[in-house]
Structures are given as C-alpha cells and as structure tokens.
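Data file: final04.txt. Format and content: compact mmCIF, C-alpha atoms and all ligand atoms.
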```txt
# COMPACT_ATOMS: atom_id res chain seq x y z
CA MET P 1 1.79 11.70 -1.98
CA ALA P 2 4.22 8.82 -1.91
CA LEU P 3 7.16 11.19 -1.73
CA PHE P 4 6.18 12.41 1.69
CA LYS P 5 4.71 9.24 3.02
CA ARG P 6 7.00 7.99 5.74
CA LYS P 7 6.83 4.36 6.48
CA GLU P 8 6.58 3.80 10.19
CA PRO P 9 9.60 1.77 11.31
CA ILE P 10 9.27 -1.61 12.95
CA LEU P 11 11.02 -2.86 16.08
CA GLY P 12 13.23 -5.90 15.65
CA ILE P 13 12.77 -8.31 18.55
CA ASP P 14 14.86 -11.46 18.91
CA ILE P 15 13.26 -13.80 21.42
CA SER P 16 16.20 -16.05 22.22
CA PRO P 17 16.82 -18.47 25.09
CA SER P 18 19.29 -16.21 26.89
CA ALA P 19 17.58 -12.87 26.43
CA ILE P 20 15.11 -10.61 24.66
CA LYS P 21 17.03 -8.40 22.26
CA LEU P 22 15.20 -5.37 20.94
CA ILE P 23 16.32 -2.69 18.51
CA GLU P 24 14.89 0.26 16.62
CA LEU P 25 16.63 1.60 13.52
CA SER P 26 15.96 4.62 11.37
CA ARG P 27 17.32 5.51 7.97
CA SER P 28 18.12 8.71 6.23
CA GLY P 29 19.42 8.26 2.71
CA GLN P 30 21.73 5.27 2.80
CA ARG P 31 22.67 5.79 6.43
CA PHE P 32 21.15 3.88 9.30
CA ARG P 33 20.90 5.02 12.87
CA VAL P 34 20.22 3.09 16.05
CA GLU P 35 17.34 4.87 17.80
CA ALA P 36 16.96 2.50 20.73
CA PHE P 37 18.02 -0.95 21.91
CA ALA P 38 17.83 -3.20 24.94
CA ILE P 39 18.88 -6.66 26.03
CA GLU P 40 16.74 -8.16 28.78
CA PRO P 41 17.80 -11.54 30.23
CA LEU P 42 15.30 -14.38 30.16
CA GLY P 43 14.96 -16.63 33.18
CA GLU P 44 15.81 -20.28 32.87
CA GLY P 45 13.06 -22.53 31.61
CA MET P 46 11.15 -19.85 29.69
CA MET P 47 12.24 -21.50 26.48
CA GLU P 48 12.79 -25.10 25.72
CA ASP P 49 14.20 -26.35 22.48
CA ARG P 50 14.04 -22.72 21.35
CA ASN P 51 10.29 -22.68 21.85
CA LEU P 52 8.41 -20.52 24.33
CA THR P 53 7.16 -22.55 27.24
CA ASP P 54 5.39 -19.57 28.79
CA PRO P 55 4.44 -16.74 26.40
CA GLY P 56 3.06 -14.77 29.37
CA GLU P 57 6.41 -14.63 31.18
CA VAL P 58 8.29 -13.98 27.95
CA GLY P 59 5.81 -11.18 27.26
CA GLU P 60 6.70 -9.62 30.61
CA ALA P 61 10.38 -9.72 29.69
CA ILE P 62 9.61 -8.12 26.31
CA LYS P 63 7.73 -5.37 28.14
CA ARG P 64 10.76 -4.74 30.38
CA ALA P 65 13.04 -4.61 27.33
CA TRP P 66 10.64 -2.20 25.63
CA ARG P 67 10.62 0.18 28.61
CA LYS P 68 14.36 -0.07 29.10
CA SER P 69 15.03 0.84 25.46
CA GLY P 70 12.95 4.00 25.55
CA THR P 71 11.42 3.26 22.15
CA ARG P 72 7.89 4.37 21.37
CA LEU P 73 7.23 2.01 18.48
CA ARG P 74 4.74 -0.77 19.02
CA ARG P 75 4.85 -2.62 15.74
CA ALA P 76 7.37 -5.42 15.80
CA ALA P 77 9.04 -8.14 13.78
CA VAL P 78 10.09 -11.45 15.34
CA ALA P 79 11.77 -14.56 13.95
CA VAL P 80 11.39 -18.30 14.29
CA PRO P 81 14.56 -20.40 14.52
CA THR P 82 16.14 -21.45 11.23
CA SER P 83 16.00 -25.13 12.17
CA SER P 84 12.25 -24.94 12.84
CA VAL P 85 11.28 -24.12 9.27
CA ILE P 86 11.28 -26.24 6.18
CA THR P 87 12.48 -24.48 3.06
CA ARG P 88 12.48 -25.84 -0.45
CA ALA P 89 13.44 -24.27 -3.74
CA VAL P 90 10.62 -24.99 -6.18
CA PRO P 91 10.96 -24.10 -9.85
CA MET P 92 7.81 -22.55 -11.39
CA PRO P 93 7.00 -21.16 -14.82
CA ALA P 94 8.42 -17.64 -15.20
CA ASP P 95 5.05 -16.13 -16.14
CA PHE P 96 3.36 -17.27 -12.91
CA LYS P 97 1.93 -14.37 -10.92
CA GLU P 98 1.74 -14.27 -7.11
CA SER P 99 -1.73 -15.78 -7.12
CA ASP P 100 -0.65 -18.67 -9.38
CA ILE P 101 2.33 -19.33 -7.15
CA GLU P 102 0.15 -19.30 -4.06
CA VAL P 103 -2.21 -21.94 -5.39
CA ASN P 104 0.63 -24.19 -6.53
CA MET P 105 2.53 -23.76 -3.30
CA SER P 106 -0.10 -25.43 -1.15
CA ILE P 107 -0.21 -28.35 -3.56
CA GLU P 108 3.59 -28.66 -3.58
CA ALA P 109 3.80 -28.23 0.18
CA SER P 110 1.93 -31.39 1.02
CA GLN P 111 4.75 -33.37 -0.61
CA TYR P 112 7.49 -31.80 1.44
CA ILE P 113 6.06 -31.38 4.89
CA PRO P 114 6.17 -34.26 7.35
CA TYR P 115 3.05 -33.12 9.26
CA PRO P 116 -0.52 -32.16 8.37
CA VAL P 117 -0.72 -29.01 6.25
CA GLU P 118 -3.29 -27.59 8.72
CA GLU P 119 -0.52 -27.44 11.32
CA VAL P 120 1.77 -25.17 9.33
CA TYR P 121 1.88 -21.65 7.97
CA LEU P 122 3.09 -21.46 4.42
CA ASP P 123 4.84 -18.62 2.71
CA PHE P 124 7.03 -18.16 -0.33
CA GLU P 125 9.63 -15.82 -1.73
CA VAL P 126 10.37 -15.35 -5.40
CA LYS P 127 14.14 -15.61 -5.78
CA GLY P 128 14.30 -14.61 -9.46
CA PRO P 129 14.76 -16.23 -12.86
CA SER P 130 16.19 -19.77 -12.84
CA GLN P 131 19.79 -19.90 -13.95
CA ALA P 132 19.31 -23.30 -15.53
CA ASN P 133 16.18 -22.49 -17.52
CA SER P 134 15.08 -19.05 -18.68
CA GLU P 135 11.44 -20.11 -18.83
CA MET P 136 11.36 -20.86 -15.13
CA GLN P 137 11.70 -18.85 -11.93
CA ASP P 138 13.00 -20.04 -8.57
CA VAL P 139 10.52 -19.82 -5.74
CA MET P 140 11.44 -20.56 -2.14
CA LEU P 141 8.76 -22.34 -0.21
CA VAL P 142 8.84 -21.73 3.54
CA ALA P 143 6.79 -23.70 6.04
CA SER P 144 6.69 -23.20 9.80
CA ARG P 145 4.78 -25.06 12.52
CA ARG P 146 1.89 -22.84 13.61
CA GLU P 147 2.82 -23.33 17.24
CA ASN P 148 6.22 -21.65 16.77
CA VAL P 149 4.62 -18.59 15.24
CA ASP P 150 1.58 -18.39 17.50
CA THR P 151 3.51 -18.45 20.80
CA ARG P 152 5.79 -15.65 19.61
CA GLU P 153 2.86 -13.53 18.53
CA ALA P 154 1.15 -14.20 21.85
CA ALA P 155 4.23 -13.02 23.77
CA LEU P 156 4.36 -9.78 21.76
CA LYS P 157 0.69 -9.10 22.37
CA GLU P 158 1.18 -9.82 26.05
CA ALA P 159 3.76 -7.02 26.02
CA GLY P 160 1.30 -4.64 24.38
CA LEU P 161 3.04 -4.81 21.01
CA VAL P 162 1.69 -5.51 17.55
CA PRO P 163 3.28 -8.36 15.61
CA VAL P 164 3.51 -7.33 11.95
CA ILE P 165 6.21 -9.61 10.59
CA VAL P 166 7.23 -13.15 11.48
CA ASP P 167 10.54 -13.81 9.80
CA VAL P 168 13.10 -16.63 9.93
CA GLU P 169 16.42 -16.14 11.77
CA VAL P 170 18.48 -16.97 8.71
CA TYR P 171 16.79 -14.26 6.61
CA ALA P 172 17.26 -11.69 9.37
CA LEU P 173 20.95 -12.60 9.49
CA GLU P 174 21.24 -12.34 5.70
CA ASN P 175 19.72 -8.88 5.92
CA MET P 176 22.19 -7.70 8.50
CA PHE P 177 25.08 -9.42 6.74
CA ARG P 178 24.40 -7.37 3.61
CA LEU P 179 25.20 -4.22 5.59
CA LEU P 180 28.53 -5.40 6.86
CA MET P 181 29.66 -7.30 3.76
CA ASP P 182 31.58 -4.41 2.27
CA SER P 183 33.54 -3.86 5.44
CA LEU P 184 34.87 -7.43 5.54
CA PRO P 185 38.54 -7.94 4.83
CA LYS P 186 39.14 -9.01 1.25
CA ALA P 187 40.55 -12.49 0.69
CA SER P 188 44.32 -12.33 1.12
CA GLY P 189 45.06 -10.16 -1.90
CA GLU P 190 44.56 -12.88 -4.50
CA SER P 191 40.84 -12.47 -5.07
CA GLY P 192 41.46 -11.07 -8.56
CA VAL P 193 43.46 -14.14 -9.49
CA SER P 194 40.97 -16.62 -8.06
CA LEU P 195 38.07 -14.83 -9.73
CA SER P 196 39.71 -15.15 -13.08
CA LYS P 197 39.96 -18.88 -12.46
CA GLY P 198 36.22 -18.90 -11.93
CA ARG P 199 36.45 -19.45 -8.20
CA GLU P 200 34.13 -17.65 -5.94
CA GLY P 201 34.79 -16.62 -2.37
CA LEU P 202 32.30 -17.73 0.24
CA THR P 203 31.74 -16.42 3.72
CA ALA P 204 31.04 -18.57 6.76
CA LEU P 205 28.80 -16.84 9.28
CA VAL P 206 28.99 -18.62 12.61
CA ASP P 207 26.33 -17.80 15.22
CA ILE P 208 27.59 -19.14 18.54
CA GLY P 209 24.68 -18.96 20.96
CA ALA P 210 24.03 -20.10 24.49
CA THR P 211 23.36 -23.74 23.63
CA ILE P 212 23.36 -23.89 19.85
CA THR P 213 25.79 -22.91 17.15
CA ASN P 214 24.61 -22.32 13.62
CA LEU P 215 26.95 -22.35 10.67
CA TYR P 216 25.78 -20.47 7.59
CA ILE P 217 27.70 -20.50 4.33
CA LEU P 218 27.00 -17.48 2.17
CA GLN P 219 27.66 -17.01 -1.51
CA GLN P 220 27.71 -13.24 -1.91
CA ASP P 221 24.79 -12.31 0.36
CA ARG P 222 22.78 -15.52 0.06
CA VAL P 223 22.89 -18.42 2.46
CA ILE P 224 23.50 -21.65 0.54
CA PHE P 225 24.15 -24.03 3.42
CA THR P 226 23.16 -24.19 7.07
CA ARG P 227 24.07 -26.56 9.83
CA GLU P 228 23.03 -26.54 13.45
CA GLN P 229 25.44 -27.88 16.04
CA GLY P 230 24.52 -28.61 19.64
CA PHE P 231 27.12 -26.65 21.54
CA GLY P 232 27.30 -23.10 22.85
CA VAL P 233 28.83 -20.76 25.41
CA ASP P 234 26.67 -22.00 28.27
CA GLN P 235 29.09 -24.93 28.41
CA LEU P 236 31.80 -22.57 29.58
CA THR P 237 29.52 -21.26 32.34
CA VAL P 238 28.89 -24.80 33.54
CA GLN P 239 32.62 -25.54 33.53
CA ILE P 240 33.36 -22.42 35.58
CA ALA P 241 30.59 -23.27 38.06
CA GLU P 242 31.90 -26.81 38.50
CA SER P 243 35.59 -25.99 38.63
CA TYR P 244 35.28 -23.15 41.13
CA GLY P 245 32.26 -24.43 43.06
CA VAL P 246 30.13 -21.32 42.47
CA PRO P 247 26.43 -20.97 41.50
CA ARG P 248 25.60 -20.56 37.83
CA GLU P 249 24.70 -16.87 38.06
CA GLN P 250 28.06 -16.13 39.61
CA ALA P 251 29.82 -18.26 37.00
CA GLU P 252 28.00 -16.27 34.31
CA GLN P 253 29.27 -13.01 35.81
CA MET P 254 32.79 -14.39 36.06
CA LYS P 255 32.67 -15.48 32.44
CA ARG P 256 31.57 -12.09 31.18
CA SER P 257 33.92 -10.01 33.28
CA GLY P 258 36.84 -12.37 32.77
CA GLN P 259 37.53 -11.93 36.49
CA VAL P 260 38.16 -15.48 37.50
CA ALA P 261 41.03 -17.22 39.27
CA ASP P 262 44.57 -16.96 37.87
CA ASP P 263 44.50 -20.38 36.28
CA PHE P 264 41.18 -19.76 34.49
CA SER P 265 42.73 -18.88 31.21
CA ALA P 266 45.06 -21.88 31.00
CA MET P 267 42.63 -24.35 32.56
CA LEU P 268 39.31 -23.45 30.96
CA LEU P 269 39.24 -20.51 28.60
CA GLU P 270 41.97 -21.42 26.13
CA PRO P 271 40.86 -25.09 25.83
CA PHE P 272 37.28 -23.87 25.36
CA LYS P 273 38.27 -21.53 22.54
CA GLN P 274 40.26 -24.34 20.97
CA MET P 275 37.20 -26.61 21.18
CA LEU P 276 34.97 -23.97 19.58
CA ALA P 277 37.45 -23.51 16.76
CA GLU P 278 37.63 -27.27 16.18
CA GLN P 279 33.82 -27.50 16.11
CA ILE P 280 33.65 -24.71 13.54
CA GLY P 281 36.19 -26.70 11.54
CA HIS P 282 33.94 -29.78 11.73
CA GLY P 283 30.99 -27.74 10.52
CA LEU P 284 33.02 -26.55 7.55
CA GLN P 285 33.99 -30.15 6.78
CA PHE P 286 30.30 -30.97 6.54
CA PHE P 287 29.85 -28.20 4.04
CA PHE P 288 32.83 -29.29 1.96
CA SER P 289 31.44 -32.82 1.76
CA SER P 290 27.89 -31.68 0.93
CA ASP P 291 26.11 -31.50 -2.41
CA GLN P 292 26.14 -27.72 -2.33
CA TYR P 293 29.89 -27.74 -2.46
CA VAL P 294 31.16 -28.07 -5.97
CA SER P 295 34.61 -29.47 -5.45
CA GLY P 296 37.43 -27.00 -5.99
CA ARG P 297 35.20 -24.20 -7.18
CA TYR P 298 34.71 -22.45 -3.92
CA ASN P 299 36.82 -21.23 -1.07
CA VAL P 300 35.69 -19.98 2.28
CA ASP P 301 37.54 -16.65 2.37
CA THR P 302 36.25 -15.24 5.61
CA ILE P 303 34.66 -16.41 8.84
CA VAL P 304 32.37 -13.93 10.58
CA LEU P 305 31.59 -14.65 14.22
CA VAL P 306 28.28 -13.55 15.77
CA GLY P 307 26.27 -14.45 18.87
CA GLY P 308 27.46 -14.56 22.48
CA GLY P 309 30.41 -16.78 21.59
CA ALA P 310 31.82 -14.04 19.40
CA MET P 311 32.28 -11.98 22.57
CA ILE P 312 34.86 -14.34 24.01
CA MET P 313 38.05 -12.37 23.89
CA GLY P 314 40.51 -13.62 21.30
CA LEU P 315 38.31 -16.35 19.83
CA ASP P 316 38.69 -14.84 16.36
CA ARG P 317 42.45 -15.29 16.52
CA VAL P 318 42.24 -18.90 17.70
CA VAL P 319 39.83 -19.75 14.87
CA ALA P 320 41.98 -18.00 12.29
CA ASP P 321 45.12 -19.79 13.50
CA LEU P 322 43.54 -23.23 13.56
CA LEU P 323 41.66 -23.06 10.29
CA GLY P 324 43.89 -20.71 8.33
CA ILE P 325 40.94 -18.50 7.35
CA THR P 326 40.62 -14.78 8.03
CA THR P 327 38.22 -14.46 10.97
CA VAL P 328 36.42 -11.38 12.25
CA VAL P 329 33.84 -10.55 14.90
CA ALA P 330 30.79 -8.91 13.31
CA SER P 331 30.40 -5.24 14.15
CA PRO P 332 27.26 -4.22 12.24
CA PHE P 333 26.70 -0.94 14.04
CA LYS P 334 30.15 0.52 13.58
CA SER P 335 29.12 2.40 10.47
CA MET P 336 25.78 3.53 11.92
CA GLY P 337 25.04 6.59 13.96
CA SER P 338 23.09 6.37 17.18
CA ALA P 339 20.58 8.52 19.02
CA VAL P 340 21.73 10.49 22.06
CA LYS P 341 19.77 8.24 24.43
CA VAL P 342 21.61 5.16 23.15
CA ASN P 343 24.58 3.98 25.19
CA SER P 344 26.91 3.67 22.24
CA SER P 345 29.73 1.81 23.96
CA ALA P 346 27.27 -0.84 25.20
CA LEU P 347 25.85 -1.01 21.68
CA LEU P 348 29.25 -1.65 20.11
CA ARG P 349 30.17 -4.16 22.81
CA ASP P 350 26.92 -6.11 22.48
CA ALA P 351 26.74 -5.89 18.67
CA PRO P 352 27.41 -9.62 18.08
CA LEU P 353 24.32 -10.41 20.18
CA LEU P 354 22.12 -8.08 18.14
CA MET P 355 22.52 -9.46 14.63
CA VAL P 356 19.13 -11.15 14.43
CA ALA P 357 17.27 -8.27 16.10
CA GLY P 358 19.02 -5.82 13.77
CA GLY P 359 18.12 -7.83 10.69
CA LEU P 360 14.50 -7.86 11.83
CA ALA P 361 14.49 -4.09 12.36
CA LEU P 362 15.83 -3.67 8.82
CA ARG P 363 12.54 -5.08 7.54
CA SER P 364 11.16 -1.58 8.09
CA PHE P 365 13.02 -0.42 5.02
CA ASP P 366 12.30 -3.26 2.58
N1 LIG P 401 30.94 -10.94 27.15
C1 LIG P 401 30.67 -12.23 27.08
N2 LIG P 401 31.66 -13.16 27.19
C2 LIG P 401 31.38 -14.46 27.10
N3 LIG P 401 30.16 -14.97 26.91
C3 LIG P 401 29.15 -14.11 26.79
C4 LIG P 401 29.33 -12.71 26.86
N4 LIG P 401 28.14 -12.11 26.72
C5 LIG P 401 27.25 -13.09 26.55
N5 LIG P 401 27.84 -14.29 26.61
C6 LIG P 401 27.21 -15.60 26.49
O1 LIG P 401 26.58 -15.74 25.24
C7 LIG P 401 25.46 -16.59 25.36
C8 LIG P 401 24.26 -15.91 24.74
O2 LIG P 401 24.52 -15.72 23.38
P1 LIG P 401 23.33 -15.47 22.38
O3 LIG P 401 22.51 -14.35 22.88
O4 LIG P 401 23.92 -15.37 21.04
O5 LIG P 401 22.54 -16.86 22.53
P2 LIG P 401 21.02 -17.12 22.25
O6 LIG P 401 20.68 -16.57 20.93
O7 LIG P 401 20.21 -16.67 23.41
O8 LIG P 401 20.95 -18.69 22.27
P3 LIG P 401 20.97 -19.78 21.09
O9 LIG P 401 21.46 -19.06 19.86
O10 LIG P 401 21.87 -20.85 21.58
O11 LIG P 401 19.60 -20.27 20.95
C9 LIG P 401 25.27 -16.90 26.82
O12 LIG P 401 25.82 -18.17 27.09
C10 LIG P 401 26.10 -15.80 27.49
O13 LIG P 401 26.61 -16.21 28.71
MG MG P 402 20.83 -16.98 18.94
```

Kindly present the structure from the file in structure tokens form.
Ligand SMILES: Nc1ncnc2c1ncn2[C@@H]1O[C@H](COP(=O)(O)OP(=O)(O)OP(=O)(O)O)[C@@H](O)[C@H]1O
Ligand SMILES: [Mg+2]
Amino acid sequence: MALFKRKEPILGIDISPSAIKLIELSRSGQRFRVEAFAIEPLGEGMMEDRNLTDPGEVGEAIKRAWRKSGTRLRRAAVAVPTSSVITRAVPMPADFKESDIEVNMSIEASQYIPYPVEEVYLDFEVKGPSQANSEMQDVMLVASRRENVDTREAALKEAGLVPVIVDVEVYALENMFRLLMDSLPKASGESGVSLSKGREGLTALVDIGATITNLYILQQDRVIFTREQGFGVDQLTVQIAESYGVPREQAEQMKRSGQVADDFSAMLLEPFKQMLAEQIGHGLQFFFSSDQYVSGRYNVDTIVLVGGGAMIMGLDRVVADLLGITTVVASPFKSMGSAVKVNSSALLRDAPLLMVAGGLALRSFD
C-alpha cells in the first residue's frame, strides 16, 4: 500500500574540484534531518575545467567520504556544472503529453546544440502553463555532453555506489534555496510598499568556489539569470603562499584557521574581501544590463553567499557595505535536526560548502 511504502532516500554527492561532499537527509513530516555527511578533499589535478580527469581516483575519494560519513545508502545523485549544460525554454502546445514532448525535443535540440546530438544526453522539465499564451506550456530543454555525465557515473560505480540521478548544479541549489528562503531577512521593511508598486524582490545567490564564482539571480525560488566568473578563494591561498613563502598546503591551513602573521588581515584578507565584493558587484551589473532585467521593475533585495568563499569571516559585511544590499551567509541546516553520529558543529560550520550536495539529497523527497 502506498501509505506504508517508504521511498529509500538517496545520497547527495557533490563532486567538486576541492572536495567530495556527501550528505544523507531524512524527512519526517515537513522536518528534515541530516543523517550523515562528509567532506573529503580531492588531490590536485583530479579535475580539470570541472571535469574528472581520473574517475578511478575520484571514485577512491568518494569511497573514503562514504566510509567517513557512516551512511549505509548506496544510491546516489550527482550534478554536472551549470556552465556545462545548455538549457532553453521551448514553448509547446499545452495538450502535449510527455511522449509528444520527448519526440519534439530531439527535433528542437538539433537547432540549439553546437555539437552532434549523439554526443549529448537530452532531458526536459515541464515548467507549467505559459504566462503569455494559455494554449501553450513552457518546457525547459536540458542538454549535457555525455562525457560529463559518464565520468561522474563511472566514479560513483568505482566507489561501489549506484548512480540514480544526474542533476545540474543550478537545480540542486534551487532545491536547497527553497528550504532557506523563508528564513531570509525581509527587504528593509518596505516590501509591502514596493509590492504595491508592482516591483518584485529578487535574490542573488553567489556561490564562491575554489576557482569559480557563480552568480544566480532568483525570482522567488526560480533562477532567471546565471553568470560564471573566473575567480575563487584559491587566489587567497596563492597570495598567502607567495607572501609568506610557505607551501600551498600550509597556506591553505593558514587561510582556514586565520592563524597567519599579524599583518595578514591588513595586507591580504581585507583587500581580498574587498575584491570579492567588487566582483559580485560587477556580476550584478551584468544582470542589470541583461535582457532578463526589466528596467526598474526589479530590485535585488538580498544576497546569499554560499561555497567556500562564504566561510571567509566578515565577507558578508563587506559585501553589504559596498553594495548596499542585505547580505547573509547561507545556513541551510540550522532548522534541521541531525542524527547523533553527526558532528553538528562541523555541519553548521561547513554548511556553505554543502549546498549542492544538500540539494541533491533533497531529490529523495521529490
Ligand atoms: N574556513 C574557510 N575559510 C576560507 N576559505 C575556505 C574555508 N573553507 C574552505 N575554504 C576554501 O573554499 C574553497 C572551496 O570551496 P568550494 O568547496 O565551494 O569550491 P568547489 O565547489 O570545490 O570549487 P568550484 O566551485 O570553484 O568549482 C577552497 O579554496 C577552500 O580553501
Ligand atoms: Mg562549487
């Protein structure tokens, strides 16, 4: 009977250049609980351009993460990078069924994809009725190079796991964002007024990674704009290594612990935070000058920081001061419980790193 049928949860595994991030969630009623998680560093050179150069080695790291977490699940969801997929909104007649959409998708796809259709996996998601035309529905076409998917699946299998879902980073982030949306500070007390003027508050989700920063603009819980920028927190590690003449691993430790020479803050850290804030500002400028931005109609009310960069102490304040927008560090697990075996202080500390993995684990409950 459906009532008693319990869906077996799925592990969320983020295979990212700096580390494997793995998480298991459970749900009872509306409440989620973290059952297990682990972050296992990846050696240099295992990924290039966010692709796996050696699925075997990455598989070993996944296995270590799996053991470390104490989970017993073997079914897993992974994601390909947002910038590696091509997405297109395609309007289709509202009465089209899945099978009709499928047939039309492959025909449409050949127009949009710059490489042979045999080299890509195609998928689609029905977004709902078109706002412009009630006889149409909006369908999102998603295409990914086979290579990106196949190497990730190979790494999971190498680790003894079963790949059941291959998602896209941006959708995993959307999923996780939905959970923390309600806890975000409301736009400086005037949201009622701006709503009545027909303005709608947007959120900027900024994922500051090791080498790449992604800016996502969300309208409610939907991403409407993305932009990838080529900078990340590894730059700070390099600066520490050069300035203090220490190896990279040591510089990495110094960066995380904040235990560096007295002049570190004034010399490197504060200018670095300032640079990050300016770059986020540039990203926002791109959005404001894009087609998606309807002049004057939208405001970015809140900036939410995720990824390793979000862990730099005080970055939120620097961004808020420079851009004049309320800025917070994402803390998606604050409202969740956690199993006894989970180190809850490490979980809360590392939360910004676990957004993608968490969003993947949420697929269990779709
Ligand atoms: N406590 C910390 N303080 C400062 N930096 C940190 C901290 N913890 C992690 N980092 C840095 O964050 C980066 C990793 O962040 P993240 O895991 O979001 O990147 P990634 O997803 O692996 O890479 P990318 O998104 O660029 O592809 C590394 O540069 C790491 O040194
Ligand atoms: Mg990342």

Problem - Distance criterion (all atoms listed in the file): nearest to ligand MG 402 (chain P) out of P:Ala277, P:Ala210, P:Leu42, P:Met336 - result: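 Among P:Ala277, P:Ala210, P:Leu42, P:Met336, it is P:Ala210 that comes nearest to ligand MG 402 (chain P).
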
Kindly compile the residues surrounding ligand LIG 401 (chain P) within 7 Å, counting all atoms listed in the file, and format them as an mmCIF file with C-alpha atoms, in the frame of the given file.
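Written output follows (part.cif):
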```cif
data_model
loop_
_atom_site.group_PDB
_atom_site.id
_atom_site.type_symbol
_atom_site.label_atom_id
_atom_site.label_comp_id
_atom_site.auth_asym_id
_atom_site.auth_seq_id
_atom_site.Cartn_x
_atom_site.Cartn_y
_atom_site.Cartn_z
ATOM 1 C CA SER P 16 16.200 -16.050 22.220
ATOM 2 C CA PRO P 17 16.820 -18.470 25.090
ATOM 3 C CA SER P 18 19.290 -16.210 26.890
ATOM 4 C CA ALA P 19 17.580 -12.870 26.430
ATOM 5 C CA ARG P 50 14.040 -22.720 21.350
ATOM 6 C CA ASP P 207 26.330 -17.800 15.220
ATOM 7 C CA ILE P 208 27.590 -19.140 18.540
ATOM 8 C CA GLY P 209 24.680 -18.960 20.960
ATOM 9 C CA ALA P 210 24.030 -20.100 24.490
ATOM 10 C CA THR P 211 23.360 -23.740 23.630
ATOM 11 C CA ILE P 212 23.360 -23.890 19.850
ATOM 12 C CA THR P 213 25.790 -22.910 17.150
ATOM 13 C CA GLY P 232 27.300 -23.100 22.850
ATOM 14 C CA VAL P 233 28.830 -20.760 25.410
ATOM 15 C CA ASP P 234 26.670 -22.000 28.270
ATOM 16 C CA THR P 237 29.520 -21.260 32.340
ATOM 17 C CA GLU P 252 28.000 -16.270 34.310
ATOM 18 C CA LYS P 255 32.670 -15.480 32.440
ATOM 19 C CA ARG P 256 31.570 -12.090 31.180
ATOM 20 C CA SER P 257 33.920 -10.010 33.280
ATOM 21 C CA GLY P 307 26.270 -14.450 18.870
ATOM 22 C CA GLY P 308 27.460 -14.560 22.480
ATOM 23 C CA GLY P 309 30.410 -16.780 21.590
ATOM 24 C CA MET P 311 32.280 -11.980 22.570
ATOM 25 C CA ILE P 312 34.860 -14.340 24.010
ATOM 26 C CA LEU P 353 24.320 -10.410 20.180
#
```

Problem - Distance in Å - atom CA of Val80 of chain P versus atom CA of Ser144 of chain P - result: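 Computing it gives 8.1 Å between the two atoms.
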
Problem - Shell around Lys127 of chain P at 8 Å using only C-alpha atoms, local window under 2 positions removed, as a list in words - result: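 Listed by chain and then number, they are Glu125, Pro129, Gln137, Asp138, Val139 and Met140 of chain P.
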
Exercise for the section: Identify, on the basis of all atoms listed in the file, every residue whose closest approach to Leu284 of chain P does not exceed 12 Å; exclude the query and any residue fewer than 6 positions from it along the same chain; express the result as a VMD selection string. Expected result: chain P and resid 202 to 206 214 to 217 225 to 229 277 to 278 290 293 299 to 300 302 to 303 323 325

Prev. selection, C-alpha atoms, output as a CSV table (one decimal), in the frame of the given file:
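Final output, saved to again_6.csv:
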```csv
chain,number,residue,atom,x,y,z
P,202,LEU,CA,32.3,-17.7,0.2
P,203,THR,CA,31.7,-16.4,3.7
P,204,ALA,CA,31.0,-18.6,6.8
P,205,LEU,CA,28.8,-16.8,9.3
P,206,VAL,CA,29.0,-18.6,12.6
P,214,ASN,CA,24.6,-22.3,13.6
P,215,LEU,CA,27.0,-22.4,10.7
P,216,TYR,CA,25.8,-20.5,7.6
P,217,ILE,CA,27.7,-20.5,4.3
P,225,PHE,CA,24.2,-24.0,3.4
P,226,THR,CA,23.2,-24.2,7.1
P,227,ARG,CA,24.1,-26.6,9.8
P,228,GLU,CA,23.0,-26.5,13.4
P,229,GLN,CA,25.4,-27.9,16.0
P,277,ALA,CA,37.4,-23.5,16.8
P,278,GLU,CA,37.6,-27.3,16.2
P,290,SER,CA,27.9,-31.7,0.9
P,293,TYR,CA,29.9,-27.7,-2.5
P,299,ASN,CA,36.8,-21.2,-1.1
P,300,VAL,CA,35.7,-20.0,2.3
P,302,THR,CA,36.2,-15.2,5.6
P,303,ILE,CA,34.7,-16.4,8.8
P,323,LEU,CA,41.7,-23.1,10.3
P,325,ILE,CA,40.9,-18.5,7.4
```

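Straight-line separation from atom CA of Arg74 of chain P to atom CA of Phe37 of chain P: 13.6 Å.
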
Problem - Among the residues P:Gly337, P:Pro81, P:Gly230, P:Gly45, the one that comes closest to ligand MG 402 (chain P) [using all atoms listed in the file] - result: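 Using all atoms listed in the file, the shortest distance to ligand MG 402 (chain P) belongs to P:Pro81.
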
Centre, edges in Å (one decimal): axis-aligned box, segment 65-76 of chain P, 4 Å padding on all six sides, as lines of an AutoDock Vina configuration file:
```
center_x = 9.9
center_y = -0.5
center_z = 22.4
size_x = 18.3
size_y = 17.8
size_z = 21.4
```

Exercise for the section: Provide the atom CA of Val164 of chain P to atom CA of Ala76 of chain P distance in Å, to one decimal place. Expected result: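 That distance, rounded to one decimal, is 5.8 Å.
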
Handout entry: Residue contacts of Leu268 of chain P (10 Å, all atoms listed in the file) excluding same-chain residues fewer than 3 positions away, as a PyMOL selection string
Key = chain P and resi 236+239-240+243+263-265+271-273

How would the residues just picked look written out with C-alpha atoms as a tab-separated table (two decimals), in the coordinates of the input?
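again01.tsv, written as the output of this step:
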```tsv
chain	number	residue	atom	x	y	z
P	236	LEU	CA	31.80	-22.57	29.58
P	239	GLN	CA	32.62	-25.54	33.53
P	240	ILE	CA	33.36	-22.42	35.58
P	243	SER	CA	35.59	-25.99	38.63
P	263	ASP	CA	44.50	-20.38	36.28
P	264	PHE	CA	41.18	-19.76	34.49
P	265	SER	CA	42.73	-18.88	31.21
P	271	PRO	CA	40.86	-25.09	25.83
P	272	PHE	CA	37.28	-23.87	25.36
P	273	LYS	CA	38.27	-21.53	22.54
```

Problem - Counting all atoms listed in the file, the residue of P:Met275, P:Val294, P:Leu354, P:Val238 that sits nearest ligand MG 402 (chain P) - result: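 Under the stated criterion, the closest residue is P:Leu354.
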
Practice task
Counting all atoms listed in the file, figure out which residue out of P:Glu118, P:Asp301, P:Glu98, P:Asp167 gets nearest to Pro185 of chain P.
Solution key: P:Asp301

Practice task
Compile the contact shell of Asn104 of chain P as a PyMOL selection string: residues with an atom at most 12 Å away, counting all atoms listed in the file, same-chain residues fewer than 5 positions apart removed.
Solution key: chain P and resi 90-93+96-99+109-111+122-124+139+141

Exercise for the section: For each of P:Tyr115, P:Met136, P:Gly128, P:Ala155, take the minimum atom-to-atom distance to Met47 of chain P, counting all atoms listed in the file, then give the residue where this is smallest. Expected result: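 Smallest separation from Met47 of chain P among the options: P:Ala155.
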